[in-house]
Every structure is written in structure tokens, then in C-alpha cells.
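Below is one structure, written out as C-alpha cells, with a few remarks after it.
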Amino acid sequence: MDPTDYIYGLRAIIEAIDAGKEIDKIFIKKDLSGELASELFERIRQTRIPVQRVPIERINRITRKNHQGAVAMLSAVTYHRLDHLVPQLYEEGLLPFIVVLDGITDVRNFGAIARTCECAGVDAIVIPEHGSVSVGGDAVKTSAGALHHIPVCRERSVRGAVRFLRENGYKVVAASEKADINYTQADYTGPVAIVMGAEDVGIDPEVIKQCDTFVSIPMFGKIGSLNVSVAAGVMMYEVVRQRLVADMEVI
């Protein structure tokens, strides 16, 4: 990652937070303490910026400058709030389409998914505060700039985001190779959210419980699953296909 994507030093990070800089996460030395550290912790508590407690060696790999045990990673995008975005989409008369990513940590997969989201007309991407990829310069580059054009909502939890979407009229469809229902059998013609999980562990079972439908993409080879960015593309364009067909039937 480009060194300009980071702010290092306790006072510099506090001032960046106070100035409203969009911070993706903060790396803090495990045993960091002191008056200035306490001030930083209070700012973090107020703003809910994700924090990782790490060994000093991890921070030293980022910078050898006087970091004082703390480095902040700047976000390349301005995060949106889901509870603001959802009513806005309805007010604009749109047929909402949202992609929710549970535990996607690989920046290349995330960038590829974001690029497909933009091409498929997705209205927003939802990621959790913790256990998710960082939306930095690498992600924007991998997305071919798509992340400059599509809102990203960073929510406290995927489960809470899914529950909120359902309460606001969205059909929430989770995709996994473990499901028995073919992905083409779900109806995506209304307000819809597609949930994709990490390749290694999939979607959290507690998240699946919150979803309306659990679907799979059929596999005919010897490998049991698709790359998550490819699977997400298949799911998104089924939404596009069904909506185009529905529009033709109306005409």
C-alpha cells in the first residue's frame, strides 16, 4: 500500500479524526498506554473506528518513522450509512439492489466484486466493521475505479445489516454451494440484497438465519466452488437478467 494511505503518531491520528478524515482502521501496539493514548482511545470509542491490537513489529513493517505505537490507515472512499441510504433509494424511485459481503478479506476479490457491482447497476456494497477488506488505494485500483462510483456502507455487523434490509422491504438472498435451491429459482425482481461469504468459511450461520432464501450455483466439475468474485458476478447478472425480462413483459 502507498505510504500516503497512512497517518502515524498519536497526535496526528487524533487530529485526523477531529478533522473528519475517513479512517479505515487503526493499528495500535498491544501494550500502548499513557495520557495521549487514552485521548486517542476516547476518540476511537466515539467514532467506532475499527482497531487492531498488534505487535510493534507489525507497525514497524508499515513505517520506521516515529509512529509512537499507532498507525491509521486512511480509507480511499467515504463510507455511507445504510440507514440513510435505504430510504434515499426508495425516495429516488429506484428498485434497490444491494450486495452484502460477509468476511471478504482479499483485496483482489473485493475489487473485482466492486467492479462487477458497478457494471451491474448495484446501488451499494455493505461490509462489516471488523473481519473485512480495507477500502484503500489497492482496492480502488483493483476495482478499476468502480469504488469511486458506488457507495460502500460499513456496518457494525452483517447480521444487523441483513435484518435492517429485511425490515425495510428487501428480499435477502444468501449464496452458498451448500444450498439446495438453484440460484435461478429465486425471485430478484423486487428490492433485493445478495449476500456473499468468504471462500474459506462461507456466510456466517447466524447471518444465514436472517436471510429469506439460501441458494447455490450448480457445480459440474471436480472443484467444489467458484472464486467468490466469479460467484458474485453470476448472482448479480441473474438479478439483471430477471429484471430485464420483467421490464420486457411490462412493455
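By order of appearance in the C-alpha cells: chains A, B, ..., then residues from 1 within every chain, and ligands from 1 in the order shown.
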request  = Considering only C-alpha atoms, return as a list in words whatever protein or nucleic-acid residues lie within 6 Å of Leu74 of chain A, sequence-local ones (same chain, fewer than 6 positions apart) excluded.
outcome  =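 These residues fall inside the cut-off: Asp5, Tyr6, Ile23 and Asp24 of chain A.
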Print the selection's residues with C-alpha atoms to a file, as a JSON list (two decimals), in the first residue's frame.
```json
[["chain", "number", "residue", "atom", "x", "y", "z"],
["A", 5, "ASP", "CA", -2.52, 5.92, 2.76],
["A", 6, "TYR", "CA", -1.28, 6.03, 6.37],
["A", 23, "ILE", "CA", -10.11, 6.28, 8.56],
["A", 24, "ASP", "CA", -10.47, 2.62, 7.65]]
```
task = Determine, counting only C-alpha atoms, which protein, DNA and RNA residues have an atom within 8 Å of an atom of Val51 of chain A; residues of the same chain fewer than 3 positions away are not included. Present the result as number ranges by chain.
result = A: 25-28
inquiry  = With distances taken over only C-alpha atoms, which residue among A:Glu92, A:Lys29, A:Tyr237, A:Arg108 lies nearest Asn60 of chain A?
reply    =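 Closest to Asn60 of chain A, using only C-alpha atoms: A:Lys29.
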query = A:Glu91, A:Asp31, A:Glu22, A:Glu42: which is nearest Gln68 of chain A, counting only C-alpha atoms?
reply =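 Checking each candidate against Gln68 of chain A, we get A:Asp31 as the closest.
Considering only C-alpha atoms, the residue among A:Val122, A:Ala76, A:Ile127, A:Ala16 positioned nearest to Leu89 of chain A is A:Val122.
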task = Name the residues in contact with segment 197-206 of chain A at a cut-off of 8 Å, using only C-alpha atoms, excluding same-chain residues fewer than 4 positions from it; report them as a ChimeraX atom specification.
result = /A:101-105,159,174-176,210,227-228
Could the residues of segment 74-127 of chain A that have an atom at most 12 Å from segment 134-147 of chain A be listed as JSON lines, each with its closest atom pair and the distance in Å to one decimal, counting only C-alpha atoms and ordered by chain and ascending residue number?
```
{"residue": "A:Leu74", "atom": "CA", "partner": "A:Gly136", "partner_atom": "CA", "distance": 6.8}
{"residue": "A:Ser75", "atom": "CA", "partner": "A:Gly136", "partner_atom": "CA", "distance": 5.0}
{"residue": "A:Ala76", "atom": "CA", "partner": "A:Gly136", "partner_atom": "CA", "distance": 4.7}
{"residue": "A:Val77", "atom": "CA", "partner": "A:Val135", "partner_atom": "CA", "distance": 6.9}
{"residue": "A:Thr78", "atom": "CA", "partner": "A:Val135", "partner_atom": "CA", "distance": 9.5}
{"residue": "A:Tyr79", "atom": "CA", "partner": "A:Val135", "partner_atom": "CA", "distance": 9.5}
{"residue": "A:Gly103", "atom": "CA", "partner": "A:Ser134", "partner_atom": "CA", "distance": 11.3}
{"residue": "A:Ile104", "atom": "CA", "partner": "A:Ser134", "partner_atom": "CA", "distance": 9.7}
{"residue": "A:Thr105", "atom": "CA", "partner": "A:Ser134", "partner_atom": "CA", "distance": 7.7}
{"residue": "A:Asp106", "atom": "CA", "partner": "A:Ser134", "partner_atom": "CA", "distance": 9.0}
{"residue": "A:Val107", "atom": "CA", "partner": "A:Ala139", "partner_atom": "CA", "distance": 5.5}
{"residue": "A:Arg108", "atom": "CA", "partner": "A:Thr142", "partner_atom": "CA", "distance": 6.0}
{"residue": "A:Asn109", "atom": "CA", "partner": "A:Thr142", "partner_atom": "CA", "distance": 8.5}
{"residue": "A:Phe110", "atom": "CA", "partner": "A:Ala139", "partner_atom": "CA", "distance": 6.9}
{"residue": "A:Gly111", "atom": "CA", "partner": "A:Ser143", "partner_atom": "CA", "distance": 4.0}
{"residue": "A:Ala112", "atom": "CA", "partner": "A:Ser143", "partner_atom": "CA", "distance": 5.4}
{"residue": "A:Ile113", "atom": "CA", "partner": "A:Ser143", "partner_atom": "CA", "distance": 7.6}
{"residue": "A:Ala114", "atom": "CA", "partner": "A:Ser143", "partner_atom": "CA", "distance": 5.8}
{"residue": "A:Arg115", "atom": "CA", "partner": "A:Ser143", "partner_atom": "CA", "distance": 4.8}
{"residue": "A:Thr116", "atom": "CA", "partner": "A:Ser143", "partner_atom": "CA", "distance": 8.4}
{"residue": "A:Cys117", "atom": "CA", "partner": "A:Ala146", "partner_atom": "CA", "distance": 8.2}
{"residue": "A:Glu118", "atom": "CA", "partner": "A:Ala146", "partner_atom": "CA", "distance": 6.0}
{"residue": "A:Cys119", "atom": "CA", "partner": "A:Ala146", "partner_atom": "CA", "distance": 8.5}
{"residue": "A:Ala120", "atom": "CA", "partner": "A:Ala146", "partner_atom": "CA", "distance": 11.3}
{"residue": "A:Gly121", "atom": "CA", "partner": "A:Ala146", "partner_atom": "CA", "distance": 11.1}
{"residue": "A:Val122", "atom": "CA", "partner": "A:Ala146", "partner_atom": "CA", "distance": 11.1}
{"residue": "A:Asp123", "atom": "CA", "partner": "A:Leu147", "partner_atom": "CA", "distance": 11.6}
{"residue": "A:Ala124", "atom": "CA", "partner": "A:Leu147", "partner_atom": "CA", "distance": 9.9}
{"residue": "A:Ile125", "atom": "CA", "partner": "A:Leu147", "partner_atom": "CA", "distance": 9.5}
{"residue": "A:Val126", "atom": "CA", "partner": "A:Val135", "partner_atom": "CA", "distance": 11.7}
{"residue": "A:Ile127", "atom": "CA", "partner": "A:Ser134", "partner_atom": "CA", "distance": 9.7}
```
Can I get the selection written as a PDB file, in the first residue's frame, with N, CA and C atoms?
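Everything below was put into out.pdb:
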```pdb
ATOM      1  N   LEU A  74      -5.875   5.233   6.123  1.00  0.00           N
ATOM      2  CA  LEU A  74      -6.925   6.053   5.544  1.00  0.00           C
ATOM      3  C   LEU A  74      -7.766   5.255   4.556  1.00  0.00           C
ATOM      4  N   SER A  75      -9.046   5.553   4.518  1.00  0.00           N
ATOM      5  CA  SER A  75      -9.914   4.938   3.533  1.00  0.00           C
ATOM      6  C   SER A  75      -9.856   5.737   2.241  1.00  0.00           C
ATOM      7  N   ALA A  76      -9.939   5.045   1.113  1.00  0.00           N
ATOM      8  CA  ALA A  76      -9.927   5.712  -0.187  1.00  0.00           C
ATOM      9  C   ALA A  76     -11.318   6.188  -0.583  1.00  0.00           C
ATOM     10  N   VAL A  77     -12.331   5.827   0.211  1.00  0.00           N
ATOM     11  CA  VAL A  77     -13.699   6.240  -0.087  1.00  0.00           C
ATOM     12  C   VAL A  77     -14.331   6.812   1.177  1.00  0.00           C
ATOM     13  N   THR A  78     -15.422   7.528   1.002  1.00  0.00           N
ATOM     14  CA  THR A  78     -16.218   7.999   2.133  1.00  0.00           C
ATOM     15  C   THR A  78     -17.332   6.986   2.371  1.00  0.00           C
ATOM     16  N   TYR A  79     -17.374   6.429   3.559  1.00  0.00           N
ATOM     17  CA  TYR A  79     -18.379   5.419   3.856  1.00  0.00           C
ATOM     18  C   TYR A  79     -19.762   6.054   4.006  1.00  0.00           C
ATOM     19  N   GLY A 103     -17.227 -11.158   5.427  1.00  0.00           N
ATOM     20  CA  GLY A 103     -15.905 -11.729   5.668  1.00  0.00           C
ATOM     21  C   GLY A 103     -14.998 -11.794   4.458  1.00  0.00           C
ATOM     22  N   ILE A 104     -15.216 -10.959   3.456  1.00  0.00           N
ATOM     23  CA  ILE A 104     -14.323 -10.918   2.297  1.00  0.00           C
ATOM     24  C   ILE A 104     -13.084 -10.110   2.679  1.00  0.00           C
ATOM     25  N   THR A 105     -11.927 -10.755   2.709  1.00  0.00           N
ATOM     26  CA  THR A 105     -10.706 -10.098   3.165  1.00  0.00           C
ATOM     27  C   THR A 105      -9.669  -9.910   2.065  1.00  0.00           C
ATOM     28  N   ASP A 106      -9.845 -10.585   0.931  1.00  0.00           N
ATOM     29  CA  ASP A 106      -8.879 -10.482  -0.159  1.00  0.00           C
ATOM     30  C   ASP A 106      -9.190  -9.248  -1.001  1.00  0.00           C
ATOM     31  N   VAL A 107      -8.230  -8.340  -1.099  1.00  0.00           N
ATOM     32  CA  VAL A 107      -8.473  -7.069  -1.789  1.00  0.00           C
ATOM     33  C   VAL A 107      -8.753  -7.273  -3.268  1.00  0.00           C
ATOM     34  N   ARG A 108      -8.150  -8.290  -3.878  1.00  0.00           N
ATOM     35  CA  ARG A 108      -8.387  -8.525  -5.313  1.00  0.00           C
ATOM     36  C   ARG A 108      -9.806  -9.018  -5.559  1.00  0.00           C
ATOM     37  N   ASN A 109     -10.285  -9.920  -4.706  1.00  0.00           N
ATOM     38  CA  ASN A 109     -11.669 -10.363  -4.833  1.00  0.00           C
ATOM     39  C   ASN A 109     -12.642  -9.212  -4.606  1.00  0.00           C
ATOM     40  N   PHE A 110     -12.356  -8.422  -3.584  1.00  0.00           N
ATOM     41  CA  PHE A 110     -13.240  -7.293  -3.281  1.00  0.00           C
ATOM     42  C   PHE A 110     -13.278  -6.303  -4.440  1.00  0.00           C
ATOM     43  N   GLY A 111     -12.108  -5.984  -4.990  1.00  0.00           N
ATOM     44  CA  GLY A 111     -12.057  -5.053  -6.109  1.00  0.00           C
ATOM     45  C   GLY A 111     -12.801  -5.574  -7.319  1.00  0.00           C
ATOM     46  N   ALA A 112     -12.649  -6.876  -7.591  1.00  0.00           N
ATOM     47  CA  ALA A 112     -13.351  -7.483  -8.727  1.00  0.00           C
ATOM     48  C   ALA A 112     -14.856  -7.464  -8.511  1.00  0.00           C
ATOM     49  N   ILE A 113     -15.290  -7.750  -7.287  1.00  0.00           N
ATOM     50  CA  ILE A 113     -16.721  -7.704  -6.979  1.00  0.00           C
ATOM     51  C   ILE A 113     -17.254  -6.287  -7.152  1.00  0.00           C
ATOM     52  N   ALA A 114     -16.517  -5.309  -6.647  1.00  0.00           N
ATOM     53  CA  ALA A 114     -16.951  -3.908  -6.765  1.00  0.00           C
ATOM     54  C   ALA A 114     -17.070  -3.493  -8.225  1.00  0.00           C
ATOM     55  N   ARG A 115     -16.145  -3.938  -9.045  1.00  0.00           N
ATOM     56  CA  ARG A 115     -16.189  -3.599 -10.476  1.00  0.00           C
ATOM     57  C   ARG A 115     -17.449  -4.184 -11.116  1.00  0.00           C
ATOM     58  N   THR A 116     -17.764  -5.441 -10.802  1.00  0.00           N
ATOM     59  CA  THR A 116     -18.971  -6.053 -11.343  1.00  0.00           C
ATOM     60  C   THR A 116     -20.223  -5.374 -10.799  1.00  0.00           C
ATOM     61  N   CYS A 117     -20.200  -5.001  -9.510  1.00  0.00           N
ATOM     62  CA  CYS A 117     -21.335  -4.281  -8.917  1.00  0.00           C
ATOM     63  C   CYS A 117     -21.640  -3.013  -9.703  1.00  0.00           C
ATOM     64  N   GLU A 118     -20.610  -2.265 -10.017  1.00  0.00           N
ATOM     65  CA  GLU A 118     -20.822  -1.011 -10.738  1.00  0.00           C
ATOM     66  C   GLU A 118     -21.393  -1.283 -12.125  1.00  0.00           C
ATOM     67  N   CYS A 119     -20.867  -2.298 -12.799  1.00  0.00           N
ATOM     68  CA  CYS A 119     -21.337  -2.627 -14.153  1.00  0.00           C
ATOM     69  C   CYS A 119     -22.767  -3.156 -14.141  1.00  0.00           C
ATOM     70  N   ALA A 120     -23.151  -3.857 -13.071  1.00  0.00           N
ATOM     71  CA  ALA A 120     -24.479  -4.467 -12.997  1.00  0.00           C
ATOM     72  C   ALA A 120     -25.533  -3.539 -12.406  1.00  0.00           C
ATOM     73  N   GLY A 121     -25.151  -2.325 -12.055  1.00  0.00           N
ATOM     74  CA  GLY A 121     -26.115  -1.372 -11.532  1.00  0.00           C
ATOM     75  C   GLY A 121     -26.469  -1.556 -10.073  1.00  0.00           C
ATOM     76  N   VAL A 122     -25.573  -2.184  -9.301  1.00  0.00           N
ATOM     77  CA  VAL A 122     -25.796  -2.342  -7.864  1.00  0.00           C
ATOM     78  C   VAL A 122     -25.759  -0.969  -7.204  1.00  0.00           C
ATOM     79  N   ASP A 123     -26.674  -0.745  -6.255  1.00  0.00           N
ATOM     80  CA  ASP A 123     -26.795   0.573  -5.630  1.00  0.00           C
ATOM     81  C   ASP A 123     -25.827   0.788  -4.475  1.00  0.00           C
ATOM     82  N   ALA A 124     -25.362  -0.285  -3.840  1.00  0.00           N
ATOM     83  CA  ALA A 124     -24.435  -0.129  -2.712  1.00  0.00           C
ATOM     84  C   ALA A 124     -23.833  -1.481  -2.347  1.00  0.00           C
ATOM     85  N   ILE A 125     -22.649  -1.428  -1.737  1.00  0.00           N
ATOM     86  CA  ILE A 125     -21.984  -2.600  -1.182  1.00  0.00           C
ATOM     87  C   ILE A 125     -21.952  -2.430   0.333  1.00  0.00           C
ATOM     88  N   VAL A 126     -22.261  -3.490   1.049  1.00  0.00           N
ATOM     89  CA  VAL A 126     -22.230  -3.463   2.516  1.00  0.00           C
ATOM     90  C   VAL A 126     -21.120  -4.380   3.008  1.00  0.00           C
ATOM     91  N   ILE A 127     -20.274  -3.863   3.897  1.00  0.00           N
ATOM     92  CA  ILE A 127     -19.216  -4.648   4.530  1.00  0.00           C
ATOM     93  C   ILE A 127     -19.280  -4.430   6.041  1.00  0.00           C
TER      94      ILE A 127
END
```
ask   = atom CA of Arg154 of chain A and atom CA of Glu129 of chain A are how many Å apart?
value =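 Those two atoms sit 5.7 Å apart.
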Exercise: Leu165 of chain A partners within 12 Å, only C-alpha atoms, chain neighbours under 2 positions left out, as a PyMOL selection string = chain A and resi 82-87+96-100+126+158-163+167-173+191-195+210-212
Restrict the selected residues to N, CA and C atoms and save them as a CSV table (one decimal), in the first residue's frame.
```csv
chain,number,residue,atom,x,y,z
A,82,LEU,N,-26.0,2.8,6.0
A,82,LEU,CA,-27.1,2.0,5.4
A,82,LEU,C,-28.5,2.6,5.8
A,83,ASP,N,-28.6,3.1,7.0
A,83,ASP,CA,-30.0,3.6,7.4
A,83,ASP,C,-30.3,4.9,6.8
A,84,HIS,N,-29.3,5.6,6.2
A,84,HIS,CA,-29.5,6.8,5.4
A,84,HIS,C,-29.8,6.4,3.9
A,85,LEU,N,-29.0,5.5,3.5
A,85,LEU,CA,-29.0,5.1,2.0
A,85,LEU,C,-30.3,4.4,1.6
A,86,VAL,N,-30.8,3.5,2.5
A,86,VAL,CA,-32.0,2.8,2.1
A,86,VAL,C,-33.2,3.6,1.8
A,87,PRO,N,-33.6,4.6,2.7
A,87,PRO,CA,-34.7,5.4,2.4
A,87,PRO,C,-34.5,6.4,1.2
A,96,PRO,N,-34.2,-1.0,-5.5
A,96,PRO,CA,-32.9,-1.2,-4.9
A,96,PRO,C,-32.3,-2.6,-5.1
A,97,PHE,N,-31.0,-2.5,-5.3
A,97,PHE,CA,-30.2,-3.7,-5.4
A,97,PHE,C,-28.9,-3.5,-4.7
A,98,ILE,N,-28.7,-4.3,-3.6
A,98,ILE,CA,-27.5,-4.2,-2.7
A,98,ILE,C,-26.8,-5.5,-2.6
A,99,VAL,N,-25.5,-5.4,-2.5
A,99,VAL,CA,-24.6,-6.6,-2.3
A,99,VAL,C,-24.0,-6.5,-1.0
A,100,VAL,N,-24.1,-7.6,-0.2
A,100,VAL,CA,-23.6,-7.6,1.2
A,100,VAL,C,-22.5,-8.6,1.2
A,126,VAL,N,-22.3,-3.5,1.0
A,126,VAL,CA,-22.2,-3.5,2.5
A,126,VAL,C,-21.1,-4.4,3.0
A,158,VAL,N,-22.8,-7.7,9.9
A,158,VAL,CA,-23.6,-8.2,8.7
A,158,VAL,C,-25.0,-8.6,9.1
A,159,ARG,N,-25.1,-9.3,10.2
A,159,ARG,CA,-26.3,-9.8,10.7
A,159,ARG,C,-27.3,-8.6,10.9
A,160,GLY,N,-26.8,-7.6,11.5
A,160,GLY,CA,-27.7,-6.4,11.8
A,160,GLY,C,-28.1,-5.7,10.5
A,161,ALA,N,-27.1,-5.7,9.5
A,161,ALA,CA,-27.4,-5.0,8.2
A,161,ALA,C,-28.5,-5.8,7.5
A,162,VAL,N,-28.4,-7.2,7.5
A,162,VAL,CA,-29.4,-8.0,6.8
A,162,VAL,C,-30.7,-7.9,7.5
A,163,ARG,N,-30.8,-7.9,8.8
A,163,ARG,CA,-32.0,-7.7,9.5
A,163,ARG,C,-32.7,-6.3,9.1
A,167,GLU,N,-36.3,-5.7,7.2
A,167,GLU,CA,-37.3,-4.9,7.9
A,167,GLU,C,-37.8,-3.7,6.9
A,168,ASN,N,-36.9,-3.4,6.0
A,168,ASN,CA,-37.2,-2.3,5.0
A,168,ASN,C,-37.6,-2.8,3.6
A,169,GLY,N,-38.1,-4.0,3.6
A,169,GLY,CA,-38.7,-4.5,2.3
A,169,GLY,C,-37.8,-5.2,1.3
A,170,TYR,N,-36.6,-5.5,1.7
A,170,TYR,CA,-35.7,-6.2,0.8
A,170,TYR,C,-35.9,-7.7,1.0
A,171,LYS,N,-35.8,-8.4,-0.1
A,171,LYS,CA,-35.6,-9.8,-0.1
A,171,LYS,C,-34.1,-10.1,0.0
A,172,VAL,N,-33.7,-10.8,1.0
A,172,VAL,CA,-32.3,-11.1,1.2
A,172,VAL,C,-31.9,-12.5,0.8
A,173,VAL,N,-31.1,-12.7,-0.2
A,173,VAL,CA,-30.7,-14.0,-0.7
A,173,VAL,C,-29.3,-14.3,-0.4
A,191,PRO,N,-37.1,-5.2,-4.6
A,191,PRO,CA,-35.9,-4.8,-3.8
A,191,PRO,C,-35.1,-6.0,-3.3
A,192,VAL,N,-33.8,-6.1,-3.6
A,192,VAL,CA,-33.1,-7.3,-3.2
A,192,VAL,C,-31.7,-7.0,-2.7
A,193,ALA,N,-31.2,-7.9,-1.8
A,193,ALA,CA,-29.9,-7.9,-1.4
A,193,ALA,C,-29.3,-9.3,-1.5
A,194,ILE,N,-28.1,-9.4,-2.2
A,194,ILE,CA,-27.4,-10.6,-2.3
A,194,ILE,C,-26.3,-10.7,-1.3
A,195,VAL,N,-26.2,-11.8,-0.6
A,195,VAL,CA,-25.2,-11.9,0.5
A,195,VAL,C,-24.1,-13.0,0.0
A,210,GLN,N,-30.9,-15.0,9.2
A,210,GLN,CA,-31.6,-13.7,8.9
A,210,GLN,C,-32.1,-13.6,7.5
A,211,CYS,N,-31.6,-14.4,6.6
A,211,CYS,CA,-31.9,-14.3,5.2
A,211,CYS,C,-33.2,-14.9,4.8
A,212,ASP,N,-33.8,-14.5,3.7
A,212,ASP,CA,-35.1,-15.1,3.2
A,212,ASP,C,-34.9,-16.4,2.5
```
DSSP-assigned strand (DSSP E or B) among segment 4-208 of chain A, expressed as an mmCIF file with C-alpha atoms, in the first residue's frame:
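result_18.cif written:
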```
data_model
loop_
_atom_site.group_PDB
_atom_site.id
_atom_site.type_symbol
_atom_site.label_atom_id
_atom_site.label_comp_id
_atom_site.auth_asym_id
_atom_site.auth_seq_id
_atom_site.Cartn_x
_atom_site.Cartn_y
_atom_site.Cartn_z
ATOM 1 C CA TYR A 6 -1.284 6.025 6.373
ATOM 2 C CA ILE A 7 -1.113 8.533 9.217
ATOM 3 C CA TYR A 8 1.307 7.719 12.012
ATOM 4 C CA ILE A 23 -10.105 6.275 8.561
ATOM 5 C CA ASP A 24 -10.467 2.617 7.648
ATOM 6 C CA LYS A 25 -8.752 1.156 10.710
ATOM 7 C CA ILE A 26 -6.074 1.913 13.283
ATOM 8 C CA PHE A 27 -3.203 -0.395 14.202
ATOM 9 C CA ILE A 28 -2.180 0.059 17.850
ATOM 10 C CA LYS A 29 0.688 -1.532 19.736
ATOM 11 C CA VAL A 51 -8.877 -1.101 15.847
ATOM 12 C CA GLN A 52 -6.352 -3.911 15.652
ATOM 13 C CA ARG A 53 -4.014 -4.509 18.594
ATOM 14 C CA VAL A 54 -0.794 -5.736 17.026
ATOM 15 C CA ALA A 70 -0.077 3.770 16.389
ATOM 16 C CA VAL A 71 -0.725 3.926 12.656
ATOM 17 C CA ALA A 72 -4.030 4.833 10.994
ATOM 18 C CA MET A 73 -4.982 3.528 7.574
ATOM 19 C CA LEU A 74 -6.925 6.053 5.544
ATOM 20 C CA HIS A 80 -22.151 5.721 3.731
ATOM 21 C CA PHE A 97 -30.172 -3.745 -5.447
ATOM 22 C CA ILE A 98 -27.536 -4.190 -2.724
ATOM 23 C CA VAL A 99 -24.621 -6.619 -2.348
ATOM 24 C CA VAL A 100 -23.606 -7.631 1.179
ATOM 25 C CA LEU A 101 -20.131 -9.103 1.716
ATOM 26 C CA ASP A 102 -19.568 -11.249 4.805
ATOM 27 C CA ALA A 124 -24.435 -0.129 -2.712
ATOM 28 C CA ILE A 125 -21.984 -2.600 -1.182
ATOM 29 C CA VAL A 126 -22.230 -3.463 2.516
ATOM 30 C CA ILE A 127 -19.216 -4.648 4.530
ATOM 31 C CA PRO A 128 -18.747 -5.177 8.286
ATOM 32 C CA VAL A 152 -19.865 1.427 0.411
ATOM 33 C CA CYS A 153 -21.647 1.057 3.761
ATOM 34 C CA ARG A 154 -19.519 -0.152 6.656
ATOM 35 C CA GLU A 155 -21.891 -1.544 9.274
ATOM 36 C CA LYS A 171 -35.627 -9.829 -0.100
ATOM 37 C CA VAL A 172 -32.259 -11.068 1.181
ATOM 38 C CA VAL A 173 -30.724 -13.985 -0.735
ATOM 39 C CA ALA A 174 -27.650 -15.801 0.594
ATOM 40 C CA ALA A 175 -25.433 -17.678 -1.873
ATOM 41 C CA ILE A 181 -32.213 -24.264 -4.227
ATOM 42 C CA ASN A 182 -30.818 -23.311 -7.642
ATOM 43 C CA VAL A 192 -33.118 -7.331 -3.241
ATOM 44 C CA ALA A 193 -29.858 -7.864 -1.370
ATOM 45 C CA ILE A 194 -27.407 -10.613 -2.325
ATOM 46 C CA VAL A 195 -25.155 -11.940 0.457
ATOM 47 C CA MET A 196 -21.773 -13.442 -0.469
ATOM 48 C CA GLY A 197 -19.400 -15.053 2.021
ATOM 49 C CA ALA A 198 -15.676 -15.699 2.203
ATOM 50 C CA GLY A 202 -18.699 -19.003 3.724
#
```
